[in-house]
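Enquirer: Got a structure for you, run.tsv, holding TSV, C-alpha atoms.
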chain	number	residue	atom	x	y	z
A	1	MET	CA	38.48	-1.21	-0.85
A	2	ARG	CA	35.04	-1.12	0.77
A	3	TYR	CA	34.20	2.27	2.23
A	4	ALA	CA	33.56	0.51	5.53
A	5	GLU	CA	37.22	-0.54	5.61
A	6	LYS	CA	38.56	2.97	5.11
A	7	THR	CA	40.00	4.87	8.03
A	8	ASP	CA	38.13	7.94	9.22
A	9	GLY	CA	40.65	10.17	7.46
A	10	GLU	CA	40.36	8.29	4.16
A	11	LEU	CA	36.60	8.38	4.39
A	12	VAL	CA	36.54	12.14	4.94
A	13	ALA	CA	38.84	12.62	1.93
A	14	SER	CA	36.46	10.53	-0.20
A	15	CYS	CA	33.49	12.57	1.03
A	16	ARG	CA	35.29	15.76	0.12
A	17	ALA	CA	35.91	14.34	-3.35
A	18	GLY	CA	32.14	14.13	-3.75
A	19	GLU	CA	31.79	10.35	-3.49
A	20	GLY	CA	28.19	9.87	-2.41
A	21	ALA	CA	28.79	6.35	-1.13
A	22	ALA	CA	31.53	7.66	1.15
A	23	TRP	CA	29.14	10.15	2.75
A	24	ALA	CA	26.57	7.37	3.23
A	25	GLU	CA	29.23	5.31	5.01
A	26	LEU	CA	30.30	8.23	7.18
A	27	VAL	CA	26.70	8.69	8.32
A	28	GLU	CA	26.37	4.95	8.88
A	29	ARG	CA	29.62	4.85	10.86
A	30	PHE	CA	28.68	7.59	13.31
A	31	SER	CA	24.87	7.40	13.33
A	32	ARG	CA	24.64	5.02	16.28
A	33	TYR	CA	27.08	7.06	18.29
A	34	VAL	CA	25.28	10.37	17.71
A	35	TYR	CA	21.96	8.68	18.47
A	36	ALA	CA	23.33	7.21	21.69
A	37	VAL	CA	24.71	10.59	22.81
A	38	ALA	CA	21.38	12.34	22.19
A	39	VAL	CA	19.01	9.69	23.51
A	40	GLY	CA	21.11	7.58	25.85
A	41	VAL	CA	23.33	10.18	27.51
A	42	TYR	CA	21.38	13.44	27.35
A	43	ARG	CA	17.93	11.80	27.32
A	44	LEU	CA	16.49	14.14	24.69
A	45	ASP	CA	12.96	13.41	23.56
A	46	THR	CA	12.49	11.97	20.08
A	47	HIS	CA	11.77	15.32	18.45
A	48	ASP	CA	14.84	17.07	19.87
A	49	ALA	CA	17.04	14.04	19.34
A	50	GLU	CA	16.10	13.91	15.67
A	51	ASP	CA	16.83	17.62	15.27
A	52	VAL	CA	20.23	17.21	16.91
A	53	PHE	CA	20.96	14.11	14.83
A	54	GLN	CA	20.24	15.89	11.54
A	55	GLU	CA	22.03	19.05	12.65
A	56	VAL	CA	25.18	17.12	13.52
A	57	PHE	CA	25.38	15.60	10.05
A	58	ALA	CA	24.38	18.83	8.29
A	59	ARG	CA	27.17	20.74	10.05
A	60	THR	CA	29.62	17.93	9.47
A	61	TYR	CA	28.85	18.05	5.75
A	62	GLU	CA	29.32	21.82	5.70
A	63	HIS	CA	32.63	21.59	7.55
A	64	LEU	CA	34.24	18.85	5.46
A	65	ASP	CA	36.38	21.40	3.62
A	66	ARG	CA	37.43	23.16	6.78
A	67	LEU	CA	38.54	20.29	9.00
A	68	ARG	CA	42.07	20.80	10.24
A	69	ASP	CA	42.67	17.08	10.55
A	70	ASP	CA	40.57	14.57	8.58
A	71	ALA	CA	41.43	11.78	11.00
A	72	ALA	CA	39.99	13.82	13.87
A	73	ILE	CA	36.44	13.69	12.48
A	74	ARG	CA	35.37	11.40	15.31
A	75	PRO	CA	36.16	13.73	18.23
A	76	TRP	CA	34.85	16.61	16.14
A	77	ILE	CA	31.48	14.90	15.68
A	78	GLY	CA	31.47	13.86	19.33
A	79	GLN	CA	32.02	17.40	20.57
A	80	LEU	CA	29.45	18.82	18.17
A	81	ALA	CA	26.83	16.27	19.23
A	82	ARG	CA	27.40	17.05	22.90
A	83	ARG	CA	27.27	20.81	22.37
A	84	LEU	CA	24.04	20.61	20.39
A	85	CYS	CA	22.45	18.36	23.01
A	86	ILE	CA	23.39	20.81	25.77
A	87	ASP	CA	21.97	23.70	23.72
A	88	ARG	CA	18.71	21.76	23.37
A	89	LEU	CA	18.50	21.16	27.09
A	90	ARG	CA	19.11	24.82	27.77
A	91	MET	CA	16.45	25.86	25.28
A	92	ALA	CA	14.00	23.43	26.84
A	93	THR	CA	14.48	24.71	30.36
A	94	ARG	CA	14.88	28.35	29.22
A	95	GLU	CA	17.48	28.87	31.88
A	96	GLN	CA	21.17	28.39	32.28
A	97	VAL	CA	21.61	24.82	33.34
A	98	ARG	CA	24.90	23.61	34.61
A	99	ASP	CA	26.90	22.12	31.80
A	100	PRO	CA	25.87	18.45	31.99
A	101	ILE	CA	29.11	17.47	30.31
A	102	ASP	CA	30.84	18.22	33.61
A	103	ALA	CA	28.70	15.78	35.53
A	104	PRO	CA	30.72	12.67	36.41
A	105	ASP	CA	28.00	10.26	35.31
A	106	VAL	CA	27.67	11.93	31.89
A	107	GLU	CA	31.43	11.91	31.51
A	108	ALA	CA	31.53	8.21	32.32
A	109	GLU	CA	28.70	7.46	29.88
A	110	LEU	CA	30.44	9.37	27.10
A	111	GLU	CA	33.67	7.52	27.79
A	112	ARG	CA	31.82	4.24	27.59
A	113	LEU	CA	30.30	5.23	24.25
A	114	GLU	CA	33.78	6.07	22.94
A	115	GLU	CA	34.85	2.59	23.92
A	116	ALA	CA	31.75	1.11	22.28
A	117	LEU	CA	32.64	3.00	19.10
A	118	ASP	CA	36.12	1.44	19.16
A	119	VAL	CA	34.42	-1.95	19.32
A	120	ARG	CA	32.13	-1.02	16.38
A	121	GLU	CA	35.15	0.00	14.34
A	122	ALA	CA	36.89	-3.28	15.09
A	123	LEU	CA	33.67	-5.11	14.19
A	124	ALA	CA	33.62	-3.39	10.78
A	125	GLY	CA	36.95	-5.04	9.99
A	126	LEU	CA	35.68	-8.58	10.63
A	127	PRO	CA	34.33	-10.90	7.92
A	128	GLU	CA	30.73	-10.41	6.88
A	129	HIS	CA	29.42	-13.52	8.68
A	130	CYS	CA	30.85	-12.25	11.98
A	131	ARG	CA	29.56	-8.71	11.53
A	132	THR	CA	26.10	-10.02	10.74
A	133	VAL	CA	25.75	-12.47	13.59
A	134	LEU	CA	27.19	-10.15	16.26
A	135	ASP	CA	25.13	-7.19	15.13
A	136	ARG	CA	21.91	-9.19	14.95
A	137	PHE	CA	22.40	-10.81	18.33
A	138	PHE	CA	23.79	-7.95	20.40
A	139	THR	CA	22.49	-4.72	18.93
A	140	ARG	CA	19.29	-5.84	17.23
A	141	ASP	CA	18.50	-8.22	20.07
A	142	GLU	CA	17.43	-11.06	17.78
A	143	SER	CA	17.13	-14.58	19.20
A	144	TYR	CA	19.23	-17.57	18.09
A	145	ARG	CA	16.14	-18.92	16.37
A	146	THR	CA	15.47	-15.71	14.41
A	147	ILE	CA	19.09	-15.42	13.34
A	148	ALA	CA	19.24	-19.09	12.39
A	149	ALA	CA	16.12	-18.76	10.24
A	150	ALA	CA	17.40	-15.59	8.57
A	151	LEU	CA	20.81	-17.03	7.79
A	152	GLY	CA	19.63	-20.56	7.02
A	153	ILE	CA	21.88	-22.23	9.61
A	154	PRO	CA	21.12	-24.36	12.71
A	155	ALA	CA	20.57	-22.48	15.99
A	156	GLY	CA	23.54	-24.30	17.53
A	157	THR	CA	25.77	-22.91	14.81
A	158	VAL	CA	24.59	-19.41	15.68
A	159	ALA	CA	25.75	-19.86	19.28
A	160	SER	CA	29.16	-21.20	18.32
A	161	ARG	CA	29.59	-18.54	15.65
A	162	ILE	CA	28.83	-15.80	18.16
A	163	SER	CA	31.43	-17.18	20.53
A	164	ARG	CA	34.05	-17.58	17.79
A	165	CYS	CA	33.36	-14.13	16.37
A	166	LEU	CA	33.60	-12.50	19.79
A	167	GLY	CA	37.05	-14.06	20.04
A	168	ARG	CA	38.00	-12.57	16.67
A	169	LEU	CA	36.64	-9.22	17.77
A	170	ARG	CA	38.79	-9.37	20.90
A	171	GLU	CA	41.86	-10.15	18.76
A	172	ALA	CA	41.05	-7.29	16.40
A	173	LEU	CA	40.76	-4.87	19.32
A	174	ASP	CA	44.02	-6.10	20.83
A	175	GLY	CA	45.68	-5.70	17.43
A	176	SER	CA	44.43	-2.15	17.07
A	177	GLY	CA	45.72	-1.19	20.50
A	178	LYS	CA	42.18	-0.28	21.52
A	179	GLY	CA	41.45	-3.23	23.76
A	180	ALA	CA	38.16	-2.74	25.53
A	181	SER	CA	39.30	-2.79	29.11
A	182	SER	CA	37.92	-0.70	31.90
A	183	SER	CA	41.30	0.93	32.52
A	184	ARG	CA	42.06	1.81	28.93
A	185	GLU	CA	44.16	4.92	28.61
A	186	ARG	CA	42.95	7.54	26.15
B	1	MET	CA	38.73	-15.19	26.23
B	2	SER	CA	37.30	-15.27	29.74
B	3	ALA	CA	33.58	-15.12	30.42
B	4	HIS	CA	34.10	-11.71	32.00
B	5	GLU	CA	35.78	-10.35	28.89
B	6	GLU	CA	33.07	-11.85	26.71
B	7	GLU	CA	30.38	-10.17	28.80
B	8	ARG	CA	32.17	-6.85	28.65
B	9	LEU	CA	32.50	-6.98	24.88
B	10	ALA	CA	28.87	-7.98	24.56
B	11	ALA	CA	27.82	-5.05	26.76
B	12	LEU	CA	29.82	-2.62	24.63
B	13	LEU	CA	28.25	-4.01	21.47
B	14	ARG	CA	24.82	-3.44	22.99
B	15	GLU	CA	25.60	0.22	23.75
B	16	LEU	CA	25.28	1.38	20.17
B	17	THR	CA	21.87	0.39	18.91
B	18	PRO	CA	20.83	1.49	15.42
B	19	ALA	CA	19.41	4.97	14.99
B	20	PRO	CA	15.93	5.05	13.39
B	21	ALA	CA	16.33	4.09	9.73
B	22	GLY	CA	14.49	7.21	8.52
B	23	TRP	CA	16.91	9.50	10.36
B	24	VAL	CA	19.91	7.74	8.89
B	25	ARG	CA	18.44	7.81	5.37
B	26	ALA	CA	17.67	11.54	5.61
B	27	ALA	CA	21.23	12.29	6.71
B	28	GLN	CA	22.66	10.10	3.96
B	29	GLU	CA	20.55	11.91	1.36
B	30	LEU	CA	21.72	15.30	2.59
B	31	PRO	CA	24.12	16.04	-0.33
B	32	ALA	CA	21.43	15.34	-2.92
B	33	ALA	CA	18.84	17.30	-0.96
B	34	ARG	CA	21.25	20.25	-0.65
B	35	ALA	CA	21.88	20.27	-4.40
B	36	ALA	CA	18.16	20.10	-5.16
B	37	MET	CA	17.45	22.88	-2.66
B	38	ASP	CA	20.19	25.08	-4.17
B	39	ALA	CA	18.71	24.63	-7.64
B	40	LEU	CA	15.21	25.37	-6.34
B	41	VAL	CA	16.36	28.61	-4.65
B	42	GLU	CA	18.11	29.71	-7.84
B	43	ARG	CA	14.98	29.05	-9.87
B	44	ALA	CA	12.82	30.88	-7.34
B	45	MET	CA	15.09	33.92	-7.40
B	46	ALA	CA	14.93	34.22	-11.17
B	47	SER	CA	12.00	36.62	-10.84
B	48	GLU	CA	9.70	38.05	-8.19
B	49	ARG	CA	6.85	36.05	-9.71
B	50	CYS	CA	8.74	32.78	-9.35
B	51	ARG	CA	9.68	33.63	-5.77
B	52	ARG	CA	6.08	34.37	-4.82
B	53	GLN	CA	4.95	31.17	-6.50
B	54	VAL	CA	7.42	29.07	-4.54
B	55	LEU	CA	6.58	30.90	-1.30
B	56	SER	CA	2.89	30.24	-1.80
B	57	GLY	CA	3.48	26.50	-1.96
B	58	LEU	CA	6.74	25.64	-0.24
B	59	GLU	CA	5.92	22.00	0.35
B	60	GLU	CA	4.80	21.44	-3.21
B	61	ALA	CA	7.88	23.18	-4.60
B	62	LEU	CA	10.15	21.03	-2.45
B	63	ALA	CA	8.40	17.84	-3.45
B	64	GLN	CA	8.66	18.76	-7.13
B	65	ALA	CA	12.38	19.41	-6.65
B	66	GLY	CA	12.79	15.94	-5.15
B	67	VAL	CA	13.25	17.10	-1.55
B	68	VAL	CA	11.13	15.54	1.18
B	69	PRO	CA	8.93	18.44	2.38
B	70	ASP	CA	9.34	18.01	6.12
B	71	ARG	CA	9.46	20.66	8.84
B	72	ARG	CA	13.21	21.07	8.52
B	73	SER	CA	13.35	21.49	4.74
B	74	VAL	CA	10.35	23.87	4.67
B	75	THR	CA	11.95	26.07	7.35
B	76	GLU	CA	15.27	26.06	5.52
B	77	LEU	CA	13.74	26.97	2.16
B	78	ARG	CA	11.74	29.83	3.69
B	79	ALA	CA	14.84	31.16	5.44
B	80	ARG	CA	17.02	30.91	2.34
B	81	LEU	CA	14.48	32.73	0.18
B	82	ALA	CA	14.22	35.51	2.77
B	83	GLU	CA	17.99	35.70	3.03
B	84	ARG	CA	18.46	35.93	-0.73
B	85	ARG	CA	15.82	38.62	-0.95
B	86	GLU	CA	17.61	40.71	1.66
B	87	GLU	CA	20.88	40.24	-0.18
B	88	GLY	CA	19.30	41.21	-3.48
Rewrite the coordinates I just gave you, this time as structure tokens.
Expert:
Amino acid sequence: MRYAEKTDGELVASCRAGEGAAWAELVERFSRYVYAVAVGVYRLDTHDAEDVFQEVFARTYEHLDRLRDDAAIRPWIGQLARRLCIDRLRMATREQVRDPIDAPDVEAELERLEEALDVREALAGLPEHCRTVLDRFFTRDESYRTIAAALGIPAGTVASRISRCLGRLREALDGSGKGASSSRER
Amino acid sequence: MSAHEEERLAALLRELTPAPAGWVRAAQELPAARAAMDALVERAMASERCRRQVLSGLEEALAQAGVVPDRRSVTELRARLAERREEG
């Protein structure tokens, strides 16, 4: 089984067993999320965001043996990332700022990121050609032409593949019970 | 799938853009860097002479041990050497 196909709990167990490729996948799996929390939600500057990013993964690595529930690594990383970001903001202002996590807009942004992470997880379970085309088009912002040239397919095929793969992504989300709807219950 | 659903999925996909590749690589190399740092600290603590030698050239010592000598690793090595000295 590819590490990317493992559940969070299985991945943590593999990391604890000292499998280097499992740790690389764990970082890969949560790197975008941690980055989005630091830069997108808390608007840290590059220097602070990088420190938080590395600190999150360093502490995660140190805590692998002490996690109470391997499957709960995701909320654990999420909470840690938020706490470290808030600490950074407090250090920067050198005063007690109101906990930004309580602010409704921050809460909404974090909830949206959680939902985006569900979508990323569903994406990881799709065939390679779908993962590639959706990632290139939506998160790397590449044009049809660039993707077509890179994959050696006509631009029209890129468009139809995107549409078809979005449909498969929707099905995967529905199948996982994590459908991306605005009223999703957590 | 409706156009609305498609747009919503697309928007969620756009939320999580890749972190800088260098950040991701550094985090992925953490276990190897930790092991190399541990070995370096042990070597440095073998004698006062070794410790002083490492302290006088932290960046060089890290690079020789295979650890990228950036701000974070230099600070960590300095702190760990001080900590071990206090313990000893």
Enquirer: Between CA of Ala63 in chain B and CA of Asp48 in chain A, what is the spacing in Å?
Expert: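 Result for CA of Asp48 in chain A versus CA of Ala63 in chain B: 24.2 Å, one decimal.
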Enquirer: For range 7-18 of chain B, find every residue with an atom within 9 Å (counting all atoms listed in the file), except residues of its own chain fewer than 4 positions away, and show them as a PDB file with C-alpha atoms, in the frame of the given file.
Expert:
ATOM      1  CA  SER A  31      24.870   7.400  13.330  1.00  0.00           C
ATOM      2  CA  ARG A  32      24.640   5.020  16.280  1.00  0.00           C
ATOM      3  CA  TYR A  33      27.080   7.060  18.290  1.00  0.00           C
ATOM      4  CA  TYR A  35      21.960   8.680  18.470  1.00  0.00           C
ATOM      5  CA  ALA A  36      23.330   7.210  21.690  1.00  0.00           C
ATOM      6  CA  GLY A  40      21.110   7.580  25.850  1.00  0.00           C
ATOM      7  CA  ARG A 112      31.820   4.240  27.590  1.00  0.00           C
ATOM      8  CA  LEU A 113      30.300   5.230  24.250  1.00  0.00           C
ATOM      9  CA  GLU A 115      34.850   2.590  23.920  1.00  0.00           C
ATOM     10  CA  ALA A 116      31.750   1.110  22.280  1.00  0.00           C
ATOM     11  CA  LEU A 117      32.640   3.000  19.100  1.00  0.00           C
ATOM     12  CA  VAL A 119      34.420  -1.950  19.320  1.00  0.00           C
ATOM     13  CA  ARG A 120      32.130  -1.020  16.380  1.00  0.00           C
ATOM     14  CA  LEU A 134      27.190 -10.150  16.260  1.00  0.00           C
ATOM     15  CA  ASP A 135      25.130  -7.190  15.130  1.00  0.00           C
ATOM     16  CA  PHE A 138      23.790  -7.950  20.400  1.00  0.00           C
ATOM     17  CA  THR A 139      22.490  -4.720  18.930  1.00  0.00           C
ATOM     18  CA  ARG A 140      19.290  -5.840  17.230  1.00  0.00           C
ATOM     19  CA  ASP A 141      18.500  -8.220  20.070  1.00  0.00           C
ATOM     20  CA  LEU A 166      33.600 -12.500  19.790  1.00  0.00           C
ATOM     21  CA  LEU A 169      36.640  -9.220  17.770  1.00  0.00           C
ATOM     22  CA  ARG A 170      38.790  -9.370  20.900  1.00  0.00           C
ATOM     23  CA  ALA A 180      38.160  -2.740  25.530  1.00  0.00           C
ATOM     24  CA  SER A 181      39.300  -2.790  29.110  1.00  0.00           C
TER      25      SER A 181
ATOM     26  CA  SER B   2      37.300 -15.270  29.740  1.00  0.00           C
ATOM     27  CA  ALA B   3      33.580 -15.120  30.420  1.00  0.00           C
TER      28      ALA B   3
END
Enquirer: So how far away is CA of Ala35 in chain B from CA of Leu55 in chain B, in Å?
Expert: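 It comes out at 18.9 Å.
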Enquirer: For range 66-69 of chain A, list every protein, DNA or RNA residue within 10 Å, evaluated using all atoms listed in the file, and leave out those in the same chain fewer than 6 positions away; present the list as a PDB file with C-alpha atoms, in the coordinates of the input.
Expert:
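Dumped to around_29.pdb:
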ATOM      1  CA  GLY A   9      40.650  10.170   7.460  1.00  0.00           C
ATOM      2  CA  VAL A  12      36.540  12.140   4.940  1.00  0.00           C
ATOM      3  CA  THR A  60      29.620  17.930   9.470  1.00  0.00           C
ATOM      4  CA  TRP A  76      34.850  16.610  16.140  1.00  0.00           C
TER       5      TRP A  76
END
Enquirer: If you count only C-alpha atoms, which residues fall within 10 Å of Leu80 in chain A, apart from same-chain ones fewer than 5 positions away, as a ChimeraX atom specification?
Expert: /A:34,52,55-57,59-60,74-75,85-86
Enquirer: Which neighbours of Arg85 in chain B fall inside 12 Å, counting only C-alpha atoms, when residues of the same chain fewer than 3 positions from it are skipped, and could you give them as a list in words?
Expert: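 Counting only the stated atoms, we get Val41, Glu42, Ala44, Met45, Ala46, Ser47, Glu48, Arg51, Arg52, Arg78, Ala79, Arg80, Leu81, Ala82 and Gly88 of chain B.
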Enquirer: Could you write out the selected residues, including C-alpha atoms, as a short mmCIF file (atom, residue, chain, number, x, y, z; two decimals), in the coordinates of the input?
Expert:
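Result written to out.cif:
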data_model
loop_
_atom_site.label_atom_id
_atom_site.label_comp_id
_atom_site.auth_asym_id
_atom_site.auth_seq_id
_atom_site.Cartn_x
_atom_site.Cartn_y
_atom_site.Cartn_z
CA VAL B 41 16.36 28.61 -4.65
CA GLU B 42 18.11 29.71 -7.84
CA ALA B 44 12.82 30.88 -7.34
CA MET B 45 15.09 33.92 -7.40
CA ALA B 46 14.93 34.22 -11.17
CA SER B 47 12.00 36.62 -10.84
CA GLU B 48 9.70 38.05 -8.19
CA ARG B 51 9.68 33.63 -5.77
CA ARG B 52 6.08 34.37 -4.82
CA ARG B 78 11.74 29.83 3.69
CA ALA B 79 14.84 31.16 5.44
CA ARG B 80 17.02 30.91 2.34
CA LEU B 81 14.48 32.73 0.18
CA ALA B 82 14.22 35.51 2.77
CA GLY B 88 19.30 41.21 -3.48
#
Enquirer: Please determine, counting all atoms listed in the file, which residue among B:Thr75, B:Ala33, B:Pro20, B:Gln28 has the shortest atom-to-atom distance to chain A.
Expert: B:Gln28
Enquirer: Restore N, CA and C atoms in range 28-49 of chain B and list the result as a compact mmCIF listing (two decimals), in the coordinates of the input.
Expert:
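Heads up, here's the output in out23.txt:
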# COMPACT_ATOMS: atom_id res chain seq x y z
N GLN B 28 21.88 10.60 5.10
CA GLN B 28 22.66 10.10 3.96
C GLN B 28 22.28 10.81 2.66
N GLU B 29 21.02 11.24 2.59
CA GLU B 29 20.55 11.91 1.36
C GLU B 29 20.81 13.41 1.39
N LEU B 30 21.47 13.87 2.43
CA LEU B 30 21.72 15.30 2.59
C LEU B 30 22.39 15.96 1.37
N PRO B 31 23.47 15.37 0.82
CA PRO B 31 24.12 16.04 -0.33
C PRO B 31 23.16 16.24 -1.51
N ALA B 32 22.38 15.22 -1.80
CA ALA B 32 21.43 15.34 -2.92
C ALA B 32 20.34 16.36 -2.61
N ALA B 33 19.89 16.36 -1.35
CA ALA B 33 18.84 17.30 -0.96
C ALA B 33 19.36 18.74 -1.01
N ARG B 34 20.64 18.92 -0.60
CA ARG B 34 21.25 20.25 -0.65
C ARG B 34 21.31 20.77 -2.09
N ALA B 35 21.74 19.87 -2.99
CA ALA B 35 21.88 20.27 -4.40
C ALA B 35 20.51 20.64 -4.98
N ALA B 36 19.51 19.84 -4.65
CA ALA B 36 18.16 20.10 -5.16
C ALA B 36 17.62 21.41 -4.59
N MET B 37 17.91 21.64 -3.31
CA MET B 37 17.45 22.88 -2.66
C MET B 37 18.14 24.09 -3.28
N ASP B 38 19.44 23.97 -3.54
CA ASP B 38 20.19 25.08 -4.17
C ASP B 38 19.56 25.44 -5.52
N ALA B 39 19.27 24.40 -6.31
CA ALA B 39 18.71 24.63 -7.64
C ALA B 39 17.33 25.29 -7.52
N LEU B 40 16.55 24.82 -6.54
CA LEU B 40 15.21 25.37 -6.34
C LEU B 40 15.29 26.86 -5.96
N VAL B 41 16.21 27.20 -5.07
CA VAL B 41 16.36 28.61 -4.65
C VAL B 41 16.77 29.46 -5.85
N GLU B 42 17.69 28.95 -6.66
CA GLU B 42 18.11 29.71 -7.84
C GLU B 42 16.93 29.96 -8.77
N ARG B 43 16.15 28.91 -8.98
CA ARG B 43 14.98 29.05 -9.87
C ARG B 43 14.00 30.08 -9.29
N ALA B 44 13.79 29.98 -7.99
CA ALA B 44 12.82 30.88 -7.34
C ALA B 44 13.28 32.33 -7.41
N MET B 45 14.58 32.54 -7.41
CA MET B 45 15.09 33.92 -7.40
C MET B 45 15.22 34.50 -8.81
N ALA B 46 14.82 33.74 -9.79
CA ALA B 46 14.93 34.22 -11.17
C ALA B 46 14.03 35.44 -11.39
N SER B 47 12.89 35.46 -10.72
CA SER B 47 12.00 36.62 -10.84
C SER B 47 11.13 36.69 -9.59
N GLU B 48 10.56 37.87 -9.36
CA GLU B 48 9.70 38.05 -8.19
C GLU B 48 8.48 37.12 -8.29
N ARG B 49 8.02 36.91 -9.51
CA ARG B 49 6.85 36.05 -9.71
C ARG B 49 7.16 34.61 -9.28
